[in-house]
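Below is structure_6.csv, which holds CSV, C-alpha atoms.
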chain,number,residue,atom,x,y,z
A,1,MET,CA,-19.0,-15.4,17.9
A,2,HIS,CA,-20.0,-15.2,14.2
A,3,PHE,CA,-17.9,-13.6,11.5
A,4,LEU,CA,-18.8,-12.8,7.9
A,5,LEU,CA,-15.8,-13.0,5.6
A,6,THR,CA,-15.4,-11.4,2.1
A,7,ASN,CA,-12.6,-10.0,0.0
A,8,ASP,CA,-11.9,-8.6,-3.5
A,9,ASP,CA,-9.2,-11.1,-4.6
A,10,GLY,CA,-11.9,-13.8,-5.1
A,11,ILE,CA,-13.0,-16.7,-3.0
A,12,HIS,CA,-10.1,-18.8,-4.3
A,13,ALA,CA,-7.4,-16.4,-3.3
A,14,PRO,CA,-4.6,-17.4,-0.9
A,15,GLY,CA,-5.5,-14.5,1.3
A,16,MET,CA,-8.9,-15.8,1.9
A,17,ALA,CA,-7.5,-19.2,2.9
A,18,ALA,CA,-5.1,-17.5,5.3
A,19,LEU,CA,-8.0,-15.5,6.8
A,20,ILE,CA,-10.1,-18.6,7.3
A,21,GLU,CA,-7.2,-20.4,9.0
A,22,ALA,CA,-6.6,-17.4,11.3
A,23,VAL,CA,-10.2,-16.9,12.5
A,24,ALA,CA,-11.9,-20.3,12.2
A,25,PRO,CA,-10.8,-21.2,15.8
A,26,LEU,CA,-12.4,-18.0,17.1
A,27,ALA,CA,-15.9,-17.9,15.6
A,28,ASP,CA,-18.5,-19.5,13.4
A,29,LEU,CA,-17.8,-18.4,9.8
A,30,THR,CA,-20.0,-17.4,6.9
A,31,ILE,CA,-18.3,-16.5,3.6
A,32,VAL,CA,-19.7,-14.7,0.7
A,33,ALA,CA,-16.9,-13.6,-1.6
A,34,PRO,CA,-16.5,-12.7,-5.3
A,35,LEU,CA,-16.4,-15.7,-7.7
A,36,ASN,CA,-13.5,-14.0,-9.5
A,37,GLU,CA,-11.0,-11.2,-8.7
A,38,ARG,CA,-12.6,-7.8,-8.3
A,39,SER,CA,-9.5,-5.8,-7.3
A,40,ALA,CA,-9.8,-2.0,-7.5
A,41,ILE,CA,-13.5,-2.1,-8.1
A,42,SER,CA,-14.1,0.3,-5.2
A,43,HIS,CA,-17.7,0.4,-3.9
A,44,ALA,CA,-19.3,-0.7,-7.2
A,45,ILE,CA,-22.5,-2.8,-7.0
A,46,ALA,CA,-24.2,-4.9,-9.7
A,47,VAL,CA,-27.7,-3.6,-10.3
A,48,PHE,CA,-28.5,-4.3,-13.9
A,49,ARG,CA,-27.8,-8.1,-14.2
A,50,PRO,CA,-28.7,-11.3,-12.4
A,51,LEU,CA,-25.8,-12.8,-10.3
A,52,LEU,CA,-24.6,-16.3,-10.2
A,53,LEU,CA,-24.5,-17.7,-6.7
A,54,GLU,CA,-22.3,-20.8,-6.3
A,55,PRO,CA,-22.2,-22.8,-3.1
A,56,GLN,CA,-18.6,-23.5,-1.8
A,57,PRO,CA,-19.2,-25.6,1.3
A,58,HIS,CA,-15.7,-27.1,1.3
A,59,ARG,CA,-14.2,-23.7,2.0
A,60,VAL,CA,-15.1,-23.4,5.6
A,61,PRO,CA,-16.0,-25.6,8.6
A,62,GLY,CA,-19.8,-25.9,8.7
A,63,GLY,CA,-20.1,-25.3,4.9
A,64,ARG,CA,-21.5,-21.8,5.0
A,65,ALA,CA,-19.7,-20.4,2.0
A,66,TRP,CA,-20.8,-19.0,-1.3
A,67,ALA,CA,-19.1,-17.4,-4.3
A,68,LEU,CA,-21.1,-14.6,-5.9
A,69,ASP,CA,-20.3,-13.4,-9.4
A,70,ALA,CA,-20.3,-9.8,-8.2
A,71,ASN,CA,-18.3,-7.2,-6.2
A,72,PRO,CA,-17.3,-7.2,-2.5
A,73,ALA,CA,-20.0,-4.7,-1.6
A,74,ASP,CA,-22.6,-6.9,-3.4
A,75,CYS,CA,-21.3,-9.9,-1.4
A,76,VAL,CA,-21.8,-8.2,1.9
A,77,LYS,CA,-25.2,-6.9,0.9
A,78,TYR,CA,-26.4,-10.3,-0.1
A,79,ALA,CA,-25.0,-12.0,3.0
A,80,LEU,CA,-26.7,-9.5,5.4
A,81,THR,CA,-30.1,-9.4,3.6
A,82,SER,CA,-30.4,-13.0,2.4
A,83,VAL,CA,-28.1,-15.4,4.3
A,84,LEU,CA,-27.9,-13.8,7.7
A,85,VAL,CA,-31.2,-12.0,8.2
A,86,ASP,CA,-32.0,-13.9,11.4
A,87,GLN,CA,-28.5,-14.1,12.7
A,88,PRO,CA,-26.5,-11.0,11.9
A,89,PRO,CA,-22.7,-11.4,12.3
A,90,ASP,CA,-20.7,-9.9,15.1
A,91,LEU,CA,-18.0,-8.8,12.7
A,92,VAL,CA,-17.3,-8.4,9.0
A,93,ILE,CA,-13.7,-9.0,7.9
A,94,SER,CA,-12.7,-8.2,4.3
A,95,GLY,CA,-9.3,-9.6,3.2
A,96,ILE,CA,-6.6,-10.6,3.6
A,97,ASN,CA,-5.8,-8.6,0.6
A,98,ARG,CA,-2.5,-9.1,-1.3
A,99,GLY,CA,-1.3,-5.5,-1.7
A,100,GLN,CA,-1.5,-2.5,0.7
A,101,ASN,CA,-4.7,-0.4,0.8
A,102,ALA,CA,-3.2,2.8,2.2
A,103,GLY,CA,-3.3,6.4,1.0
A,104,THR,CA,-5.4,7.0,-2.1
A,105,ASN,CA,-5.6,3.3,-2.7
A,106,ILE,CA,-8.4,3.3,-0.1
A,107,LEU,CA,-10.6,5.1,-2.6
A,108,TYR,CA,-10.2,2.3,-5.2
A,109,SER,CA,-10.1,-0.7,-3.0
A,110,GLY,CA,-12.7,-3.4,-3.2
A,111,THR,CA,-11.4,-4.8,0.1
A,112,VAL,CA,-12.1,-1.5,1.9
A,113,ALA,CA,-15.5,-1.4,0.2
A,114,GLY,CA,-16.5,-4.8,1.6
A,115,ALA,CA,-15.8,-3.6,5.1
A,116,MET,CA,-17.4,-0.2,4.5
A,117,GLU,CA,-20.6,-2.0,3.4
A,118,GLY,CA,-20.7,-3.8,6.7
A,119,ALA,CA,-20.2,-0.5,8.6
A,120,LEU,CA,-23.0,1.1,6.6
A,121,ASN,CA,-25.3,-1.7,7.8
A,122,GLY,CA,-24.3,-1.2,11.5
A,123,VAL,CA,-21.9,-4.2,11.8
A,124,PRO,CA,-18.4,-3.7,13.2
A,125,SER,CA,-16.1,-4.2,10.2
A,126,ILE,CA,-12.4,-4.6,9.4
A,127,ALA,CA,-10.5,-4.5,6.1
A,128,ILE,CA,-7.0,-6.1,6.3
A,129,SER,CA,-4.3,-6.1,3.7
A,130,ILE,CA,-0.6,-6.9,3.4
A,131,SER,CA,2.1,-4.9,1.7
A,132,ALA,CA,3.3,-7.5,-0.8
A,133,LEU,CA,3.3,-6.3,-4.4
A,134,PHE,CA,2.1,-8.7,-7.1
A,135,ARG,CA,5.6,-9.6,-8.1
A,136,GLU,CA,6.7,-10.3,-4.5
A,137,GLU,CA,6.4,-13.3,-2.3
A,138,ALA,CA,3.4,-12.8,0.0
A,139,ASP,CA,3.8,-13.6,3.7
A,140,PHE,CA,0.3,-13.7,5.4
A,141,SER,CA,1.6,-14.9,8.8
A,142,GLY,CA,1.9,-11.5,10.4
A,143,ALA,CA,-1.5,-10.5,9.3
A,144,GLN,CA,-2.9,-13.8,10.5
A,145,GLU,CA,-1.5,-13.4,13.9
A,146,PHE,CA,-2.7,-9.8,14.2
A,147,ILE,CA,-6.3,-10.4,13.0
A,148,ALA,CA,-6.7,-13.3,15.3
A,149,ARG,CA,-5.7,-11.1,18.2
A,150,VAL,CA,-7.7,-8.0,17.2
A,151,ALA,CA,-10.9,-9.4,15.6
A,152,PRO,CA,-12.5,-10.7,18.9
A,153,GLN,CA,-11.8,-7.3,20.5
A,154,VAL,CA,-13.5,-5.4,17.8
A,155,ALA,CA,-16.4,-7.8,17.7
A,156,GLU,CA,-16.9,-7.4,21.5
A,157,GLN,CA,-16.3,-3.7,21.8
A,158,GLY,CA,-17.8,-2.6,18.5
A,159,LEU,CA,-17.0,0.6,16.6
A,160,PRO,CA,-18.7,4.0,16.3
A,161,PRO,CA,-21.6,4.2,13.8
A,162,TRP,CA,-20.5,4.3,10.2
A,163,VAL,CA,-16.8,3.7,11.1
A,164,MET,CA,-14.7,0.8,10.0
A,165,LEU,CA,-11.1,-0.2,10.7
A,166,ASN,CA,-8.6,-0.4,7.9
A,167,ILE,CA,-5.5,-2.4,8.8
A,168,ASN,CA,-2.3,-2.6,6.7
A,169,VAL,CA,0.3,-5.2,7.7
A,170,PRO,CA,3.8,-5.6,6.5
A,171,SER,CA,4.3,-8.8,4.5
A,172,LEU,CA,6.5,-10.2,7.2
A,173,PRO,CA,6.4,-12.9,9.9
A,174,PRO,CA,5.2,-11.7,13.3
A,175,GLU,CA,8.6,-11.6,14.9
A,176,ARG,CA,9.9,-9.1,12.2
A,177,ILE,CA,7.0,-6.6,12.6
A,178,GLN,CA,7.9,-3.5,14.6
A,179,GLY,CA,4.5,-3.2,16.3
A,180,ALA,CA,1.1,-1.6,15.6
A,181,ARG,CA,0.3,2.1,15.5
A,182,TRP,CA,-2.8,4.2,14.9
A,183,ALA,CA,-2.4,6.1,11.7
A,184,ARG,CA,-4.1,8.7,9.5
A,185,GLN,CA,-4.9,8.1,5.9
A,186,GLY,CA,-1.9,9.4,3.9
A,187,GLU,CA,-1.6,10.9,0.4
A,188,ALA,CA,0.3,8.1,-1.1
A,189,ARG,CA,-0.6,7.2,-4.7
A,190,TYR,CA,0.7,5.1,-7.6
A,191,THR,CA,1.7,6.9,-10.7
A,192,ASP,CA,-0.3,6.6,-13.9
A,193,LEU,CA,1.3,5.9,-17.2
A,194,PHE,CA,-0.8,4.7,-20.1
A,195,GLU,CA,1.2,3.1,-22.9
A,196,ILE,CA,0.1,1.6,-26.2
A,197,LEU,CA,0.7,-2.1,-26.1
A,198,PRO,CA,3.6,-3.0,-28.5
A,199,GLU,CA,1.8,-5.8,-30.2
A,200,ASP,CA,-1.2,-3.6,-31.0
A,201,ASN,CA,0.3,-1.8,-34.1
A,202,PRO,CA,-2.2,-0.8,-36.7
A,203,ARG,CA,-2.8,-3.4,-39.4
A,204,GLU,CA,-0.9,-2.7,-42.6
A,205,GLY,CA,-2.5,0.0,-44.6
A,206,ILE,CA,-5.4,0.4,-42.0
A,207,ASP,CA,-5.4,2.9,-39.2
A,208,ASP,CA,-8.8,3.7,-37.7
A,209,GLY,CA,-7.3,5.2,-34.5
A,210,GLN,CA,-8.2,2.3,-32.3
A,211,ARG,CA,-5.5,1.1,-29.9
A,212,MET,CA,-5.1,-1.1,-26.9
A,213,VAL,CA,-3.5,0.8,-24.0
A,214,SER,CA,-2.4,-0.3,-20.5
A,215,ASN,CA,-1.7,1.6,-17.4
A,216,THR,CA,1.9,0.6,-16.6
A,217,GLY,CA,2.5,3.2,-13.9
A,218,ALA,CA,3.6,1.3,-10.8
A,219,ASP,CA,5.8,3.8,-8.8
A,220,LEU,CA,4.5,4.7,-5.4
A,221,ILE,CA,4.6,8.3,-4.3
A,222,SER,CA,4.8,8.2,-0.6
A,223,SER,CA,3.1,10.5,1.9
A,224,GLU,CA,4.9,13.4,3.6
A,225,GLY,CA,4.0,12.8,7.2
A,226,GLU,CA,5.6,10.0,9.3
A,227,ASP,CA,2.2,9.3,11.0
A,228,THR,CA,0.5,8.2,7.8
A,229,ASP,CA,-0.6,4.6,7.0
A,230,ASP,CA,1.8,4.1,4.1
A,231,ARG,CA,4.9,5.5,5.9
A,232,LEU,CA,4.3,3.4,9.1
A,233,LEU,CA,3.8,0.4,6.9
A,234,ALA,CA,7.1,1.1,5.0
A,235,HIS,CA,8.9,1.2,8.4
A,236,GLY,CA,7.7,-2.2,9.4
A,237,PHE,CA,4.7,-1.2,11.5
A,238,ILE,CA,1.1,-2.4,11.3
A,239,ALA,CA,-1.1,0.7,10.5
A,240,LEU,CA,-4.6,0.9,11.9
A,241,THR,CA,-6.8,3.7,10.3
A,242,PRO,CA,-10.4,4.3,11.3
A,243,LEU,CA,-12.4,5.3,8.2
A,244,THR,CA,-15.9,6.8,8.1
A,245,CYS,CA,-18.7,6.4,5.6
A,246,ASP,CA,-19.4,10.1,6.0
A,247,ARG,CA,-17.6,11.9,3.0
A,248,THR,CA,-18.6,15.4,4.2
A,249,ALA,CA,-15.7,17.8,4.6
A,250,HIS,CA,-16.9,19.1,8.0
A,251,ALA,CA,-14.0,21.6,8.3
A,252,VAL,CA,-15.2,23.3,5.1
A,253,LEU,CA,-18.8,23.5,6.4
A,254,ARG,CA,-17.5,25.2,9.5
A,255,ASP,CA,-15.5,27.7,7.5
A,256,PRO,CA,-16.9,27.6,3.9
A,257,PRO,CA,-15.3,29.4,1.0
A,258,PRO,CA,-16.8,32.9,0.2
A,259,LEU,CA,-19.0,31.8,-2.7
A,260,GLU,CA,-21.9,33.9,-3.9
A,261,LEU,CA,-24.8,31.6,-3.5
Can you dump the structure from the file as structure tokens?
Amino acid sequence: MHFLLTNDDGIHAPGMAALIEAVAPLADLTIVAPLNERSAISHAIAVFRPLLLEPQPHRVPGGRAWALDANPADCVKYALTSVLVDQPPDLVISGINRGQNAGTNILYSGTVAGAMEGALNGVPSIAISISALFREEADFSGAQEFIARVAPQVAEQGLPPWVMLNINVPSLPPERIQGARWARQGEARYTDLFEILPEDNPREGIDDGQRMVSNTGADLISSEGEDTDDRLLAHGFIALTPLTCDRTAHAVLRDPPPLEL
């Protein structure tokens, strides 16, 4: 098998090293990942500037690894159109992300976007994340065990067109994980709270209105249903959510609002 790996934490991230360790025994690997962290970049692509491409042969057995000064979606685009034109991968894996990508975080996630770009191009694709917050110790071992078990199955069986698999894993060792469940995307979101940075007071006698502000909201508002990705994750389960590239609200098309058109 042949897997293409990317992420949004950057090619130097511990989660990338953990992913390589988990899947290198299973397949030939090609890596194209961001040179620097691109978290919360969503599906942005760089279209108005040239991109630095840096070989990173020491990252993976066989030496097929590059860092691209761009976003996860750019990395997958470049890999599929420039590196792997004659040998498309059997699977794209994006991760292992430090921090859950559940609920509304899916909309902001560069990790999910990397996998979604693979799905857009007809390649079975997985995004995988762990629940560790930035201030917590990250345990990738449960995610490593699970991706090593699931990745070959997805590569062999495939996924429906324009569908990718979003996996969220508790930041726990395998023996402490409660199991794996299929889940719907929840409504969980982090609160927003923009505060003026305390060191950014106006200069004495000068106030032109400019300030430095930072979004310090970090409280998670959980979903209501117990079958959602974030609630299952909070209860110690691995949550698997199929996501589609099709953003159409088909239920509304079947029963549209009574607008005068």
Between atom CA of Pro161 of chain A and atom CA of Asp90 of chain A, what is the distance in Å, rounded to a tenth?
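Taking atom CA of Pro161 of chain A and atom CA of Asp90 of chain A, their separation equals 14.2 Å.
Taking all atoms listed in the file into account, Thr216 of chain A lies nearest to A:Ile196 out of the set A:Ile196, A:Leu52, A:Ala180, A:Asp69.
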Name the closest residue to Pro242 of chain A among the candidates A:Ala188, A:Ala138, A:Ala115, A:Ala155; distances are taken between atoms, counting all atoms listed in the file.
A:Ala115
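For the set A:Leu220, A:Val150, A:Leu243, A:Ile93, the residue with the smallest atom-to-atom gap to Leu165 of chain A is A:Leu243, counting only C-alpha atoms.
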With distances taken over all atoms listed in the file, which residue among A:Gly10, A:Gly142, A:Pro257, A:Gly110 lies nearest Ala40 of chain A?
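Of all the options, A:Gly110 lies closest to Ala40 of chain A.
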For each of A:Thr6, A:Gln56, A:Gln210, A:Ser222, take the minimum atom-to-atom distance to Leu197 of chain A, counting only C-alpha atoms, then give the residue where this is smallest.
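Among A:Thr6, A:Gln56, A:Gln210, A:Ser222, it is A:Gln210 that comes nearest to Leu197 of chain A.
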Between A:Thr81, A:Ser42, A:Gln157, A:Thr228, single out the one closest to Val112 of chain A, counting only C-alpha atoms.
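The answer is A:Ser42, which sits nearest to Val112 of chain A.
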Which neighbours of segment 234-236 of chain A fall inside 9 Å, counting all atoms listed in the file, when residues of the same chain fewer than 5 positions from it are skipped, and could you give them as a ChimeraX atom specification?
/A:131,169-172,176-179,229
Within 7 Å of segment 94-103 of chain A: each segment 120-229 of chain A residue with its shortest pair, all atoms listed in the file, as a tab-separated table:
residue	atom	partner	partner_atom	distance
A:Ile126	CA	A:Ser94	CA	6.2
A:Ala127	CA	A:Ser94	CA	4.7
A:Ile128	CA	A:Gly95	CA	5.2
A:Ser129	CA	A:Asn97	CA	4.3
A:Ile130	CA	A:Gln100	CA	5.2
A:Ser131	CA	A:Gln100	CA	4.4
A:Ala132	CA	A:Gly99	CA	5.1
A:Leu133	CA	A:Gly99	CA	5.4
A:Asn168	CA	A:Gln100	CA	6.1
A:Gln185	CA	A:Gly103	CA	5.4
A:Gly186	CA	A:Gly103	CA	4.4
A:Glu187	CA	A:Gly103	CA	4.8
A:Ala188	CA	A:Gly103	CA	4.5
A:Arg189	CA	A:Gly103	CA	6.4
A:Asp229	CA	A:Ala102	CA	5.7
